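**Q** Structure supplied as structure26.txt; contents: compact mmCIF, C-alpha atoms.
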```
# COMPACT_ATOMS: atom_id res chain seq x y z
CA MET D 1 28.29 -76.08 85.40
CA SER D 2 29.19 -75.35 81.81
CA LYS D 3 26.99 -76.66 79.03
CA PRO D 4 28.34 -79.40 76.75
CA ARG D 5 30.09 -78.02 73.69
CA THR D 6 29.66 -78.93 70.04
CA VAL D 7 31.21 -77.61 66.87
CA ILE D 8 29.67 -77.90 63.42
CA ILE D 9 32.48 -77.61 60.89
CA VAL D 10 30.99 -76.64 57.55
CA ALA D 11 33.08 -77.82 54.61
CA GLY D 12 30.75 -77.14 51.76
CA GLY D 13 33.23 -76.09 49.08
CA LYS D 14 32.02 -77.26 45.70
CA GLY D 15 34.15 -79.02 43.15
CA LEU D 16 35.24 -82.59 42.42
CA ARG D 17 33.23 -82.52 39.22
CA MET D 18 35.13 -82.95 35.99
CA ASN D 19 37.42 -80.00 35.32
CA ALA D 20 36.59 -78.30 38.61
CA ASP D 21 39.29 -77.31 41.08
CA ILE D 22 39.62 -79.50 44.13
CA PRO D 23 37.84 -77.70 46.99
CA LYS D 24 40.34 -75.84 49.17
CA GLN D 25 39.39 -77.88 52.26
CA PHE D 26 41.00 -80.95 50.69
CA ILE D 27 44.27 -79.36 49.61
CA ALA D 28 47.30 -80.31 51.70
CA VAL D 29 49.13 -77.53 53.53
CA SER D 30 51.82 -78.18 56.12
CA GLY D 31 51.53 -81.92 55.62
CA LYS D 32 47.80 -82.58 55.48
CA PRO D 33 44.50 -81.35 54.03
CA VAL D 34 43.17 -78.05 55.38
CA LEU D 35 40.03 -79.70 56.80
CA MET D 36 42.11 -82.12 58.90
CA HIS D 37 43.98 -79.18 60.44
CA THR D 38 40.65 -77.53 61.25
CA ILE D 39 39.21 -80.66 62.88
CA GLU D 40 42.40 -81.14 64.91
CA VAL D 41 42.29 -77.58 66.26
CA PHE D 42 38.93 -78.31 67.91
CA ARG D 43 39.92 -81.81 69.10
CA ARG D 44 43.06 -80.33 70.71
CA PHE D 45 40.93 -77.55 72.18
CA ASP D 46 38.60 -80.04 73.87
CA ALA D 47 39.16 -83.79 73.75
CA ALA D 48 35.56 -84.43 74.85
CA MET D 49 33.56 -82.04 72.70
CA SER D 50 31.32 -83.24 69.92
CA ILE D 51 32.64 -82.45 66.44
CA ILE D 52 30.27 -82.58 63.46
CA VAL D 53 31.73 -82.24 59.97
CA VAL D 54 29.30 -81.30 57.19
CA LEU D 55 30.40 -82.37 53.72
CA PRO D 56 28.56 -82.60 50.37
CA ARG D 57 27.56 -86.26 49.84
CA GLU D 58 29.46 -86.46 46.56
CA GLN D 59 32.67 -85.76 48.49
CA PHE D 60 32.22 -88.50 51.14
CA SER D 61 34.23 -91.15 49.28
CA PHE D 62 37.04 -88.76 48.37
CA TRP D 63 37.24 -87.65 52.01
CA ASP D 64 37.28 -91.31 53.15
CA GLU D 65 40.16 -91.95 50.83
CA LEU D 66 42.05 -88.91 52.17
CA CYS D 67 41.48 -90.07 55.76
CA ARG D 68 43.00 -93.47 54.93
CA ARG D 69 45.90 -91.94 53.04
CA TYR D 70 46.74 -89.56 55.91
CA ASN D 71 45.91 -92.06 58.70
CA PHE D 72 43.49 -89.50 60.07
CA ALA D 73 42.13 -90.96 63.31
CA VAL D 74 40.47 -88.01 65.05
CA SER D 75 36.89 -88.78 66.10
CA TYR D 76 33.97 -86.78 64.65
CA LYS D 77 30.50 -87.28 63.19
CA LEU D 78 29.78 -86.73 59.52
CA ALA D 79 26.65 -84.95 58.25
CA GLU D 80 25.50 -84.42 54.71
CA GLY D 81 25.79 -80.96 53.17
CA GLY D 82 22.76 -79.13 51.81
CA GLU D 83 22.20 -76.97 48.76
CA SER D 84 23.82 -74.00 50.45
CA ARG D 85 25.61 -73.16 53.68
CA PHE D 86 22.25 -72.44 55.36
CA TYR D 87 20.97 -75.96 54.70
CA SER D 88 24.32 -77.52 55.58
CA VAL D 89 24.22 -75.93 59.03
CA LYS D 90 20.59 -77.07 59.44
CA ASN D 91 21.66 -80.66 58.65
CA GLY D 92 24.51 -80.45 61.12
CA LEU D 93 22.17 -79.13 63.80
CA GLU D 94 20.12 -82.34 63.64
CA LEU D 95 23.05 -84.14 65.29
CA VAL D 96 23.36 -81.59 68.12
CA SER D 97 22.02 -82.44 71.58
CA GLU D 98 19.33 -80.11 72.87
CA VAL D 99 21.18 -78.59 75.81
CA SER D 100 24.51 -77.42 74.55
CA LEU D 101 26.51 -74.59 73.10
CA VAL D 102 27.04 -74.92 69.35
CA ALA D 103 29.92 -73.38 67.46
CA VAL D 104 29.61 -73.10 63.69
CA HIS D 105 33.02 -72.93 62.02
CA ASP D 106 34.28 -72.74 58.44
CA GLY D 107 36.19 -75.87 57.40
CA VAL D 108 38.69 -73.65 55.59
CA ARG D 109 39.70 -71.73 58.74
CA PRO D 110 42.40 -73.95 60.29
CA LEU D 111 44.21 -70.99 61.85
CA VAL D 112 41.72 -70.16 64.59
CA SER D 113 43.46 -70.00 67.96
CA ALA D 114 42.39 -71.96 71.04
CA GLU D 115 42.13 -68.64 72.90
CA ALA D 116 39.67 -67.23 70.36
CA ILE D 117 37.55 -70.41 70.50
CA GLU D 118 37.48 -70.25 74.30
CA ARG D 119 36.51 -66.55 74.28
CA CYS D 120 33.56 -67.33 71.98
CA PHE D 121 32.28 -70.26 74.04
CA ALA D 122 32.73 -68.37 77.33
CA ALA D 123 30.84 -65.33 76.00
CA ALA D 124 28.04 -67.42 74.45
CA GLU D 125 27.60 -69.29 77.74
CA LYS D 126 26.44 -65.97 79.22
CA SER D 127 24.91 -64.08 76.30
CA GLY D 128 23.62 -66.90 74.08
CA ALA D 129 25.36 -65.64 70.91
CA ALA D 130 29.00 -64.63 70.43
CA ILE D 131 31.19 -64.22 67.35
CA PRO D 132 34.90 -63.43 66.91
CA VAL D 133 35.88 -60.21 65.17
CA VAL D 134 39.13 -58.39 64.45
CA ASP D 135 39.91 -54.76 63.68
CA MET D 136 39.96 -53.61 60.08
CA VAL D 137 43.61 -53.07 59.16
CA GLU D 138 43.23 -51.39 55.77
CA SER D 139 41.41 -48.22 54.76
CA ILE D 140 38.00 -48.85 53.24
CA ARG D 141 35.60 -46.97 50.99
CA GLN D 142 31.87 -47.38 50.59
CA LEU D 143 30.39 -47.40 47.11
CA THR D 144 27.68 -44.81 46.50
CA GLY D 145 25.35 -44.29 43.58
CA ASN D 146 27.86 -42.42 41.47
CA GLY D 147 31.21 -42.97 43.17
CA SER D 148 32.55 -43.84 46.59
CA VAL D 149 33.31 -42.23 49.94
CA ALA D 150 36.00 -42.86 52.52
CA VAL D 151 34.52 -44.34 55.69
CA ASP D 152 36.06 -44.65 59.15
CA ARG D 153 37.47 -48.17 59.39
CA ALA D 154 37.46 -47.89 63.21
CA ALA D 155 33.66 -48.20 63.05
CA TYR D 156 33.87 -51.62 61.37
CA ARG D 157 34.95 -55.10 62.36
CA VAL D 158 35.94 -58.10 60.25
CA VAL D 159 33.83 -61.15 61.13
CA GLN D 160 35.32 -64.64 61.57
CA THR D 161 34.19 -67.99 62.92
CA PRO D 162 33.55 -69.95 65.17
CA GLN D 163 30.20 -68.29 65.79
CA VAL D 164 28.83 -69.78 69.01
CA PHE D 165 25.20 -69.98 70.13
CA ASP D 166 22.94 -71.58 72.65
CA ALA D 167 21.65 -74.67 70.80
CA PRO D 168 17.88 -74.00 71.19
CA LEU D 169 18.35 -70.40 69.97
CA LEU D 170 20.35 -71.48 66.92
CA ARG D 171 17.86 -74.22 66.11
CA GLU D 172 14.89 -71.85 66.29
CA ALA D 173 16.75 -69.24 64.22
CA TYR D 174 17.45 -71.86 61.55
CA ASP D 175 13.74 -72.73 61.45
CA GLN D 176 13.18 -69.36 59.76
CA GLU D 177 12.68 -69.32 56.04
CA PHE D 178 15.91 -68.85 54.12
CA SER D 179 16.81 -65.29 53.15
CA ALA D 180 19.54 -64.01 50.85
CA LEU D 181 20.49 -61.65 53.70
CA PHE D 182 21.79 -64.64 55.72
CA THR D 183 25.53 -64.26 55.10
CA ASP D 184 26.63 -66.04 58.26
CA ASP D 185 25.12 -67.64 61.35
CA ALA D 186 25.07 -64.37 63.25
CA SER D 187 22.85 -62.81 60.58
CA VAL D 188 20.42 -65.76 60.86
CA VAL D 189 20.25 -65.43 64.65
CA GLU D 190 20.00 -61.65 64.43
CA ALA D 191 17.08 -61.86 61.99
CA PHE D 192 15.39 -64.00 64.66
CA GLY D 193 15.71 -61.07 67.06
CA ALA D 194 18.66 -62.05 69.23
CA LYS D 195 21.59 -59.79 69.99
CA ILE D 196 25.10 -60.81 68.93
CA GLN D 197 28.06 -60.31 71.25
CA LEU D 198 31.39 -59.47 69.59
CA VAL D 199 34.54 -60.99 71.10
CA GLU D 200 38.16 -60.74 70.06
CA GLY D 201 39.21 -63.16 67.33
CA ASN D 202 42.78 -63.82 66.16
CA ARG D 203 44.10 -62.14 63.02
CA GLU D 204 45.71 -65.31 61.63
CA ASN D 205 42.26 -66.91 61.34
CA ILE D 206 41.88 -66.34 57.61
CA LYS D 207 39.34 -68.07 55.39
CA ILE D 208 41.23 -70.08 52.76
CA THR D 209 39.51 -69.51 49.44
CA THR D 210 42.29 -68.75 46.94
CA ALA D 211 45.73 -70.04 45.93
CA MET D 212 47.21 -67.00 47.69
CA ASP D 213 45.42 -67.96 50.92
CA LEU D 214 46.90 -71.47 50.69
CA LYS D 215 50.40 -69.98 50.57
CA ILE D 216 49.63 -67.77 53.54
CA ALA D 217 48.30 -70.75 55.49
CA GLU D 218 51.39 -72.77 54.63
CA ALA D 219 53.50 -69.92 56.07
CA LEU D 220 51.45 -69.51 59.25
CA LEU D 221 50.33 -73.06 60.10
CA PRO D 222 53.59 -74.46 61.47
CA GLU D 223 53.19 -72.38 64.63
CA PHE D 224 49.74 -73.71 65.38
CA MET H 1 52.01 -38.04 24.89
CA SER H 2 51.95 -39.43 28.40
CA LYS H 3 53.01 -37.23 31.29
CA PRO H 4 56.25 -38.08 33.12
CA ARG H 5 55.70 -40.40 36.07
CA THR H 6 56.94 -40.08 39.62
CA VAL H 7 56.41 -42.19 42.70
CA ILE H 8 56.76 -40.95 46.25
CA ILE H 9 57.45 -43.96 48.44
CA VAL H 10 56.58 -43.08 52.02
CA ALA H 11 58.57 -45.08 54.56
CA GLY H 12 57.73 -43.27 57.73
CA GLY H 13 57.64 -46.15 60.20
CA LYS H 14 58.90 -44.99 63.57
CA GLY H 15 61.43 -46.87 65.63
CA LEU H 16 65.20 -47.12 65.91
CA ARG H 17 65.05 -45.50 69.34
CA MET H 18 66.33 -47.56 72.26
CA ASN H 19 64.10 -50.57 72.89
CA ALA H 20 61.86 -49.84 69.92
CA ASP H 21 61.25 -52.43 67.24
CA ILE H 22 63.04 -51.93 63.96
CA PRO H 23 60.52 -50.40 61.52
CA LYS H 24 59.05 -53.07 59.25
CA GLN H 25 60.41 -51.34 56.10
CA PHE H 26 63.95 -52.29 57.19
CA ILE H 27 63.32 -55.94 58.02
CA ALA H 28 64.70 -58.42 55.51
CA VAL H 29 62.24 -60.73 53.75
CA SER H 30 63.19 -62.94 50.81
CA GLY H 31 66.78 -61.76 50.97
CA LYS H 32 66.55 -58.00 51.50
CA PRO H 33 64.75 -55.26 53.43
CA VAL H 34 61.10 -54.67 52.58
CA LEU H 35 61.75 -51.10 51.38
CA MET H 36 64.32 -52.31 48.83
CA HIS H 37 61.75 -54.71 47.37
CA THR H 38 59.27 -51.84 47.13
CA ILE H 39 61.75 -49.50 45.39
CA GLU H 40 62.72 -52.28 42.96
CA VAL H 41 59.10 -52.92 41.97
CA PHE H 42 58.79 -49.37 40.66
CA ARG H 43 62.25 -49.34 39.05
CA ARG H 44 61.38 -52.60 37.25
CA PHE H 45 58.02 -51.10 36.30
CA ASP H 46 59.66 -48.07 34.65
CA ALA H 47 63.44 -47.69 34.33
CA ALA H 48 63.05 -43.96 33.63
CA MET H 49 60.53 -42.83 36.22
CA SER H 50 61.50 -40.62 39.13
CA ILE H 51 61.47 -42.41 42.49
CA ILE H 52 61.41 -40.37 45.70
CA VAL H 53 61.84 -42.18 49.01
CA VAL H 54 60.71 -40.34 52.12
CA LEU H 55 62.43 -41.44 55.33
CA PRO H 56 62.63 -39.91 58.82
CA ARG H 57 65.96 -38.06 59.11
CA GLU H 58 67.03 -40.17 62.12
CA GLN H 59 66.87 -43.25 59.89
CA PHE H 60 69.09 -41.90 57.07
CA SER H 61 72.35 -43.34 58.41
CA PHE H 62 70.84 -46.73 59.21
CA TRP H 63 69.36 -46.87 55.68
CA ASP H 64 72.75 -45.90 54.20
CA GLU H 65 74.33 -48.74 56.11
CA LEU H 66 71.67 -51.18 54.84
CA CYS H 67 72.22 -50.03 51.25
CA ARG H 68 75.95 -50.71 51.57
CA ARG H 69 75.40 -54.08 53.24
CA TYR H 70 72.97 -55.21 50.52
CA ASN H 71 74.84 -53.51 47.62
CA PHE H 72 71.62 -51.70 46.81
CA ALA H 73 72.32 -49.72 43.63
CA VAL H 74 68.86 -48.71 42.40
CA SER H 75 68.63 -44.95 41.71
CA TYR H 76 66.18 -42.78 43.68
CA LYS H 77 66.03 -39.44 45.50
CA LEU H 78 65.77 -39.22 49.26
CA ALA H 79 63.46 -36.78 51.04
CA GLU H 80 63.13 -36.12 54.74
CA GLY H 81 60.07 -37.41 56.56
CA GLY H 82 57.74 -35.07 58.42
CA GLU H 83 55.89 -35.32 61.72
CA SER H 84 53.21 -37.46 60.15
CA ARG H 85 52.43 -39.09 56.82
CA PHE H 86 50.73 -35.89 55.63
CA TYR H 87 53.90 -33.85 56.10
CA SER H 88 56.09 -36.61 54.68
CA VAL H 89 54.12 -36.59 51.42
CA LYS H 90 54.30 -32.77 51.36
CA ASN H 91 58.10 -32.97 51.65
CA GLY H 92 58.28 -35.56 48.90
CA LEU H 93 56.12 -33.37 46.66
CA GLU H 94 58.75 -30.61 46.74
CA LEU H 95 60.98 -32.84 44.61
CA VAL H 96 58.23 -33.52 42.03
CA SER H 97 58.32 -31.68 38.70
CA GLU H 98 55.27 -29.57 37.96
CA VAL H 99 53.90 -31.45 34.97
CA SER H 100 53.71 -35.09 35.92
CA LEU H 101 51.63 -37.83 37.39
CA VAL H 102 52.52 -38.62 41.00
CA ALA H 103 51.96 -41.94 42.67
CA VAL H 104 52.08 -42.07 46.46
CA HIS H 105 52.92 -45.54 47.72
CA ASP H 106 53.49 -47.14 51.12
CA GLY H 107 57.09 -48.29 51.64
CA VAL H 108 55.75 -51.43 53.32
CA ARG H 109 53.75 -52.59 50.28
CA PRO H 110 56.35 -54.49 48.21
CA LEU H 111 53.73 -56.83 46.75
CA VAL H 112 52.01 -54.41 44.42
CA SER H 113 51.86 -55.81 40.88
CA ALA H 114 53.12 -53.99 37.79
CA GLU H 115 49.63 -54.41 36.30
CA ALA H 116 48.00 -52.61 39.24
CA ILE H 117 50.55 -49.76 39.04
CA GLU H 118 49.90 -49.39 35.31
CA ARG H 119 46.12 -49.38 35.80
CA CYS H 120 46.44 -46.55 38.35
CA PHE H 121 48.71 -44.39 36.18
CA ALA H 122 46.60 -44.98 33.07
CA ALA H 123 43.39 -44.03 34.89
CA ALA H 124 44.92 -40.96 36.56
CA GLU H 125 46.21 -39.79 33.18
CA LYS H 126 42.57 -39.37 32.20
CA SER H 127 40.73 -38.63 35.45
CA GLY H 128 43.41 -36.89 37.51
CA ALA H 129 42.99 -39.14 40.54
CA ALA H 130 42.94 -42.95 40.69
CA ILE H 131 43.46 -45.45 43.50
CA PRO H 132 43.63 -49.26 43.57
CA VAL H 133 40.98 -51.18 45.50
CA VAL H 134 40.09 -54.84 45.99
CA ASP H 135 36.87 -56.55 47.00
CA MET H 136 36.22 -57.21 50.66
CA VAL H 137 36.67 -60.96 51.18
CA GLU H 138 35.37 -61.34 54.73
CA SER H 139 32.00 -60.47 56.24
CA ILE H 140 32.00 -57.17 58.10
CA ARG H 141 29.90 -55.53 60.79
CA GLN H 142 29.46 -51.87 61.60
CA LEU H 143 29.55 -50.78 65.22
CA THR H 144 26.48 -48.87 66.40
CA GLY H 145 25.80 -47.01 69.62
CA ASN H 146 24.84 -50.10 71.56
CA GLY H 147 25.95 -53.05 69.44
CA SER H 148 26.67 -53.79 65.81
CA VAL H 149 24.90 -54.60 62.56
CA ALA H 150 25.84 -56.80 59.61
CA VAL H 151 26.54 -54.70 56.52
CA ASP H 152 26.78 -55.78 52.89
CA ARG H 153 30.46 -56.25 52.15
CA ALA H 154 29.73 -55.95 48.41
CA ALA H 155 29.17 -52.21 48.98
CA TYR H 156 32.70 -51.73 50.29
CA ARG H 157 36.20 -51.82 48.85
CA VAL H 158 39.57 -52.23 50.55
CA VAL H 159 41.90 -49.35 49.64
CA GLN H 160 45.55 -49.86 48.70
CA THR H 161 48.35 -47.82 47.17
CA PRO H 162 49.81 -46.50 44.83
CA GLN H 163 47.33 -43.63 44.77
CA VAL H 164 48.04 -41.66 41.63
CA PHE H 165 47.24 -38.00 40.92
CA ASP H 166 47.94 -35.18 38.55
CA ALA H 167 50.83 -33.34 40.24
CA PRO H 168 49.26 -29.84 40.39
CA LEU H 169 46.06 -31.29 41.87
CA LEU H 170 47.94 -33.25 44.53
CA ARG H 171 50.10 -30.24 45.37
CA GLU H 172 47.09 -27.94 45.79
CA ALA H 173 45.28 -30.57 47.84
CA TYR H 174 48.28 -30.87 50.16
CA ASP H 175 48.26 -27.08 50.62
CA GLN H 176 45.10 -27.54 52.68
CA GLU H 177 45.40 -27.39 56.42
CA PHE H 178 45.96 -30.82 57.97
CA SER H 179 42.84 -32.65 59.16
CA ALA H 180 42.56 -35.79 61.24
CA LEU H 181 40.15 -37.05 58.55
CA PHE H 182 43.07 -37.38 56.12
CA THR H 183 43.68 -41.12 56.29
CA ASP H 184 45.26 -41.45 52.87
CA ASP H 185 46.06 -39.31 49.83
CA ALA H 186 42.66 -39.90 48.28
CA SER H 187 40.96 -38.39 51.33
CA VAL H 188 43.18 -35.29 51.07
CA VAL H 189 42.36 -34.86 47.38
CA GLU H 190 38.69 -35.58 48.00
CA ALA H 191 38.52 -32.93 50.73
CA PHE H 192 39.85 -30.53 48.09
CA GLY H 193 36.80 -31.33 45.97
CA ALA H 194 38.16 -33.74 43.37
CA LYS H 195 36.59 -37.06 42.49
CA ILE H 196 38.51 -40.30 43.02
CA GLN H 197 38.45 -43.06 40.42
CA LEU H 198 38.65 -46.62 41.72
CA VAL H 199 40.67 -49.14 39.72
CA GLU H 200 41.42 -52.79 40.34
CA GLY H 201 44.34 -53.46 42.69
CA ASN H 202 45.96 -56.83 43.36
CA ARG H 203 45.05 -58.83 46.44
CA GLU H 204 48.67 -59.71 47.32
CA ASN H 205 49.42 -56.02 47.86
CA ILE H 206 49.22 -56.14 51.66
CA LYS H 207 50.56 -53.47 54.00
CA ILE H 208 53.26 -55.04 56.15
CA THR H 209 52.70 -53.84 59.70
CA THR H 210 52.94 -56.93 61.91
CA ALA H 211 55.12 -60.00 62.39
CA MET H 212 52.33 -62.02 60.76
CA ASP H 213 52.45 -59.77 57.68
CA LEU H 214 56.20 -60.34 57.39
CA LYS H 215 55.62 -64.10 57.26
CA ILE H 216 52.94 -63.63 54.62
CA ALA H 217 55.25 -61.43 52.54
CA GLU H 218 58.04 -63.99 52.86
CA ALA H 219 55.64 -66.59 51.46
CA LEU H 220 54.37 -64.43 48.59
CA LEU H 221 57.42 -62.39 47.53
CA PRO H 222 59.38 -65.05 45.66
CA GLU H 223 56.88 -64.88 42.79
CA PHE H 224 57.27 -61.17 42.34
```
Using structure tokens, write down the structure that the file contains.
**A**
Amino acid sequence: MSKPRTVIIVAGGKGLRMNADIPKQFIAVSGKPVLMHTIEVFRRFDAAMSIIVVLPREQFSFWDELCRRYNFAVSYKLAEGGESRFYSVKNGLELVSEVSLVAVHDGVRPLVSAEAIERCFAAAEKSGAAIPVVDMVESIRQLTGNGSVAVDRAAYRVVQTPQVFDAPLLREAYDQEFSALFTDDASVVEAFGAKIQLVEGNRENIKITTAMDLKIAEALLPEF
Amino acid sequence: MSKPRTVIIVAGGKGLRMNADIPKQFIAVSGKPVLMHTIEVFRRFDAAMSIIVVLPREQFSFWDELCRRYNFAVSYKLAEGGESRFYSVKNGLELVSEVSLVAVHDGVRPLVSAEAIERCFAAAEKSGAAIPVVDMVESIRQLTGNGSVAVDRAAYRVVQTPQVFDAPLLREAYDQEFSALFTDDASVVEAFGAKIQLVEGNRENIKITTAMDLKIAEALLPEF
């Protein structure tokens, strides 16, 4: 039988202080805030799965207000964000049941497809650790000491989320001391010694971090 | 005094055979075919510069028809495409005057900014070879023999066009025998022994190769 499934949606974008931009997860595209789209993708994917949303405490009341304004009634648990993404995931993990598969997903990636989510969970069920990747479309160059060199883009993959792991593995990996080399969950688990399986993501699954990304999401979201 | 400026716009997308998709350069976004947007960007950038459009011969009549249908009256010279991008650029180069700076640009990149074009020409005026790059936004992994490893995305740049060169240098570089390692003009010039200067591109300047890219361009073009 399959293990129960959980997703930790990390929405740690800073802001809401005086003069700061509103974090992208709260900006409305295609009718509602980005983060609501993201939560809905997972609820549609699996009506029974546990959804944990990690938000900085200072954003709780603003989020509450948004949920009332948009009549947002999807069920999820709320966890408090930490100083950085690493500590936010750790906080979210405290709400995860011991025997399960845990996906960690960026709150600003509402365009992940159900197929990509399923591929990650299915692969992690067997291997313990699976992440979605897509081919590199553009040419790339690597910086060197005094210039740069063309490198073969076919040897690289672009990494997305959800990154899915066996819960005990992820928990143990996150018990390591924080390192600046931890750029995503896969790198935390890898530093712990586990092997990461790459599965096919979906190209639309962009991370919304700029005004340009918001326009792209607005153009692509209606089909999701 | 500045050298005269030329751009070779390479629009080599295959298609137009029975049952093949129409090449993306001919698909209308924001009111007209992609390639017309691209040509207009350079004409707006410099009313006097020489613009050379390289198209496969079998697409000449279809392009003519499009130009009539859209009343496209921007001035440019047409060159015949070759078997591959390498030979298309070579053909375009035959129409370039000896003493000039030559930009080579993808026909399916209508979103390049005037500022990025100017930065490339200005840098190539001094260094002889300059290309626009942008930071890598997403995490990346490098494939290894039996898996993959996280690599530091800060050490990489995404390569765009226009790639701008001193005409004699580019011509001599393109006199080399073709190699499968030639993925763009910079790699041809680099194989010839010249150093490539990286300048700042603009993130919107995507290469339109998929249906998703067309939607993105439709969302971003109105501001250009």
**Q** What is the atom CA of Leu78 of chain D to atom CA of Ile9 of chain D distance in Å?
**A**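 Computed distance, atom CA of Leu78 of chain D to atom CA of Ile9 of chain D, equals 9.6 Å.
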**Q** Near chain H, meaning an atom within 6 Å, which residues of chain D appear when counting all atoms listed in the file? Write them as a list in words.
**A**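 Close enough to count are Ser139, Ile140, Arg141, Gln142, Leu143, Ala155, Tyr156, Arg157, Val158, Val159 and Ile216 of chain D.
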**Q** Next, dump the selected residues to file, keeping only C-alpha atoms, as a PDB file, keeping the file's coordinate frame.
**A**
```
ATOM      1  CA  SER D 139      41.410 -48.220  54.760  1.00  0.00           C
ATOM      2  CA  ILE D 140      38.000 -48.850  53.240  1.00  0.00           C
ATOM      3  CA  ARG D 141      35.600 -46.970  50.990  1.00  0.00           C
ATOM      4  CA  GLN D 142      31.870 -47.380  50.590  1.00  0.00           C
ATOM      5  CA  LEU D 143      30.390 -47.400  47.110  1.00  0.00           C
ATOM      6  CA  ALA D 155      33.660 -48.200  63.050  1.00  0.00           C
ATOM      7  CA  TYR D 156      33.870 -51.620  61.370  1.00  0.00           C
ATOM      8  CA  ARG D 157      34.950 -55.100  62.360  1.00  0.00           C
ATOM      9  CA  VAL D 158      35.940 -58.100  60.250  1.00  0.00           C
ATOM     10  CA  VAL D 159      33.830 -61.150  61.130  1.00  0.00           C
ATOM     11  CA  ILE D 216      49.630 -67.770  53.540  1.00  0.00           C
TER      12      ILE D 216
END
```
**Q** I'd like the interatomic distance between atom CA of Asp175 of chain H and atom CA of His105 of chain H, to a tenth of an Å.
**A**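 Pair atom CA of Asp175 of chain H / atom CA of His105 of chain H returns 19.3 Å.
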**Q** May I ask for the distance between atom CA of Glu65 of chain D and atom CA of Ser113 of chain D, given in Å to one decimal place?
**A**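 So the answer is 28.0 Å.
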**Q** Using all atoms listed in the file, can you tell me which of H:Ala194, H:Val7, H:Cys120, H:Ala114 comes closest to Val54 of chain H?
**A** H:Val7
**Q** Which residues are near Val41 of chain H? Cut-off 9 Å, all atoms listed in the file, ignore same chain within fewer than 3 positions. Put them as a ChimeraX atom specification.
**A** /H:36-38,44-46,110-114,224
**Q** What residues have an atom no more than 12 Å from (49.0, -31.4, 53.4) in the file's own frame, counting only C-alpha atoms, and can you write them as a PyMOL selection string?
**A** chain H and resi 82-94+169-189+191-192
**Q** Since the input lacks atoms, please generate N, CA, C and O atoms for segment 192-202 of chain H and provide them as a JSON list (two decimals), keeping the file's coordinate frame.
**A**
```json
[["chain", "number", "residue", "atom", "x", "y", "z"],
["H", 192, "PHE", "N", 39.57, -31.68, 48.95],
["H", 192, "PHE", "CA", 39.85, -30.53, 48.09],
["H", 192, "PHE", "C", 38.77, -30.40, 47.01],
["H", 192, "PHE", "O", 38.71, -29.42, 46.29],
["H", 193, "GLY", "N", 37.93, -31.43, 46.90],
["H", 193, "GLY", "CA", 36.80, -31.33, 45.97],
["H", 193, "GLY", "C", 36.91, -32.19, 44.71],
["H", 193, "GLY", "O", 36.00, -32.19, 43.88],
["H", 194, "ALA", "N", 37.99, -32.93, 44.58],
["H", 194, "ALA", "CA", 38.16, -33.74, 43.37],
["H", 194, "ALA", "C", 37.53, -35.12, 43.56],
["H", 194, "ALA", "O", 37.35, -35.60, 44.67],
["H", 195, "LYS", "N", 37.21, -35.74, 42.46],
["H", 195, "LYS", "CA", 36.59, -37.06, 42.49],
["H", 195, "LYS", "C", 37.67, -38.13, 42.32],
["H", 195, "LYS", "O", 38.59, -37.97, 41.53],
["H", 196, "ILE", "N", 37.52, -39.23, 43.03],
["H", 196, "ILE", "CA", 38.51, -40.30, 43.02],
["H", 196, "ILE", "C", 38.01, -41.46, 42.18],
["H", 196, "ILE", "O", 36.92, -41.98, 42.41],
["H", 197, "GLN", "N", 38.82, -41.90, 41.22],
["H", 197, "GLN", "CA", 38.45, -43.06, 40.42],
["H", 197, "GLN", "C", 39.02, -44.33, 41.05],
["H", 197, "GLN", "O", 40.20, -44.39, 41.43],
["H", 198, "LEU", "N", 38.18, -45.35, 41.16],
["H", 198, "LEU", "CA", 38.65, -46.62, 41.72],
["H", 198, "LEU", "C", 39.07, -47.55, 40.60],
["H", 198, "LEU", "O", 38.33, -47.73, 39.63],
["H", 199, "VAL", "N", 40.25, -48.15, 40.71],
["H", 199, "VAL", "CA", 40.67, -49.14, 39.72],
["H", 199, "VAL", "C", 41.04, -50.43, 40.46],
["H", 199, "VAL", "O", 41.21, -50.44, 41.68],
["H", 200, "GLU", "N", 41.18, -51.49, 39.72],
["H", 200, "GLU", "CA", 41.42, -52.79, 40.34],
["H", 200, "GLU", "C", 42.86, -52.89, 40.85],
["H", 200, "GLU", "O", 43.82, -52.70, 40.10],
["H", 201, "GLY", "N", 43.02, -53.21, 42.13],
["H", 201, "GLY", "CA", 44.34, -53.46, 42.69],
["H", 201, "GLY", "C", 44.72, -54.93, 42.53],
["H", 201, "GLY", "O", 44.15, -55.63, 41.71],
["H", 202, "ASN", "N", 45.69, -55.39, 43.32],
["H", 202, "ASN", "CA", 45.96, -56.83, 43.36],
["H", 202, "ASN", "C", 45.97, -57.28, 44.81],
["H", 202, "ASN", "O", 46.53, -56.62, 45.68]]
```
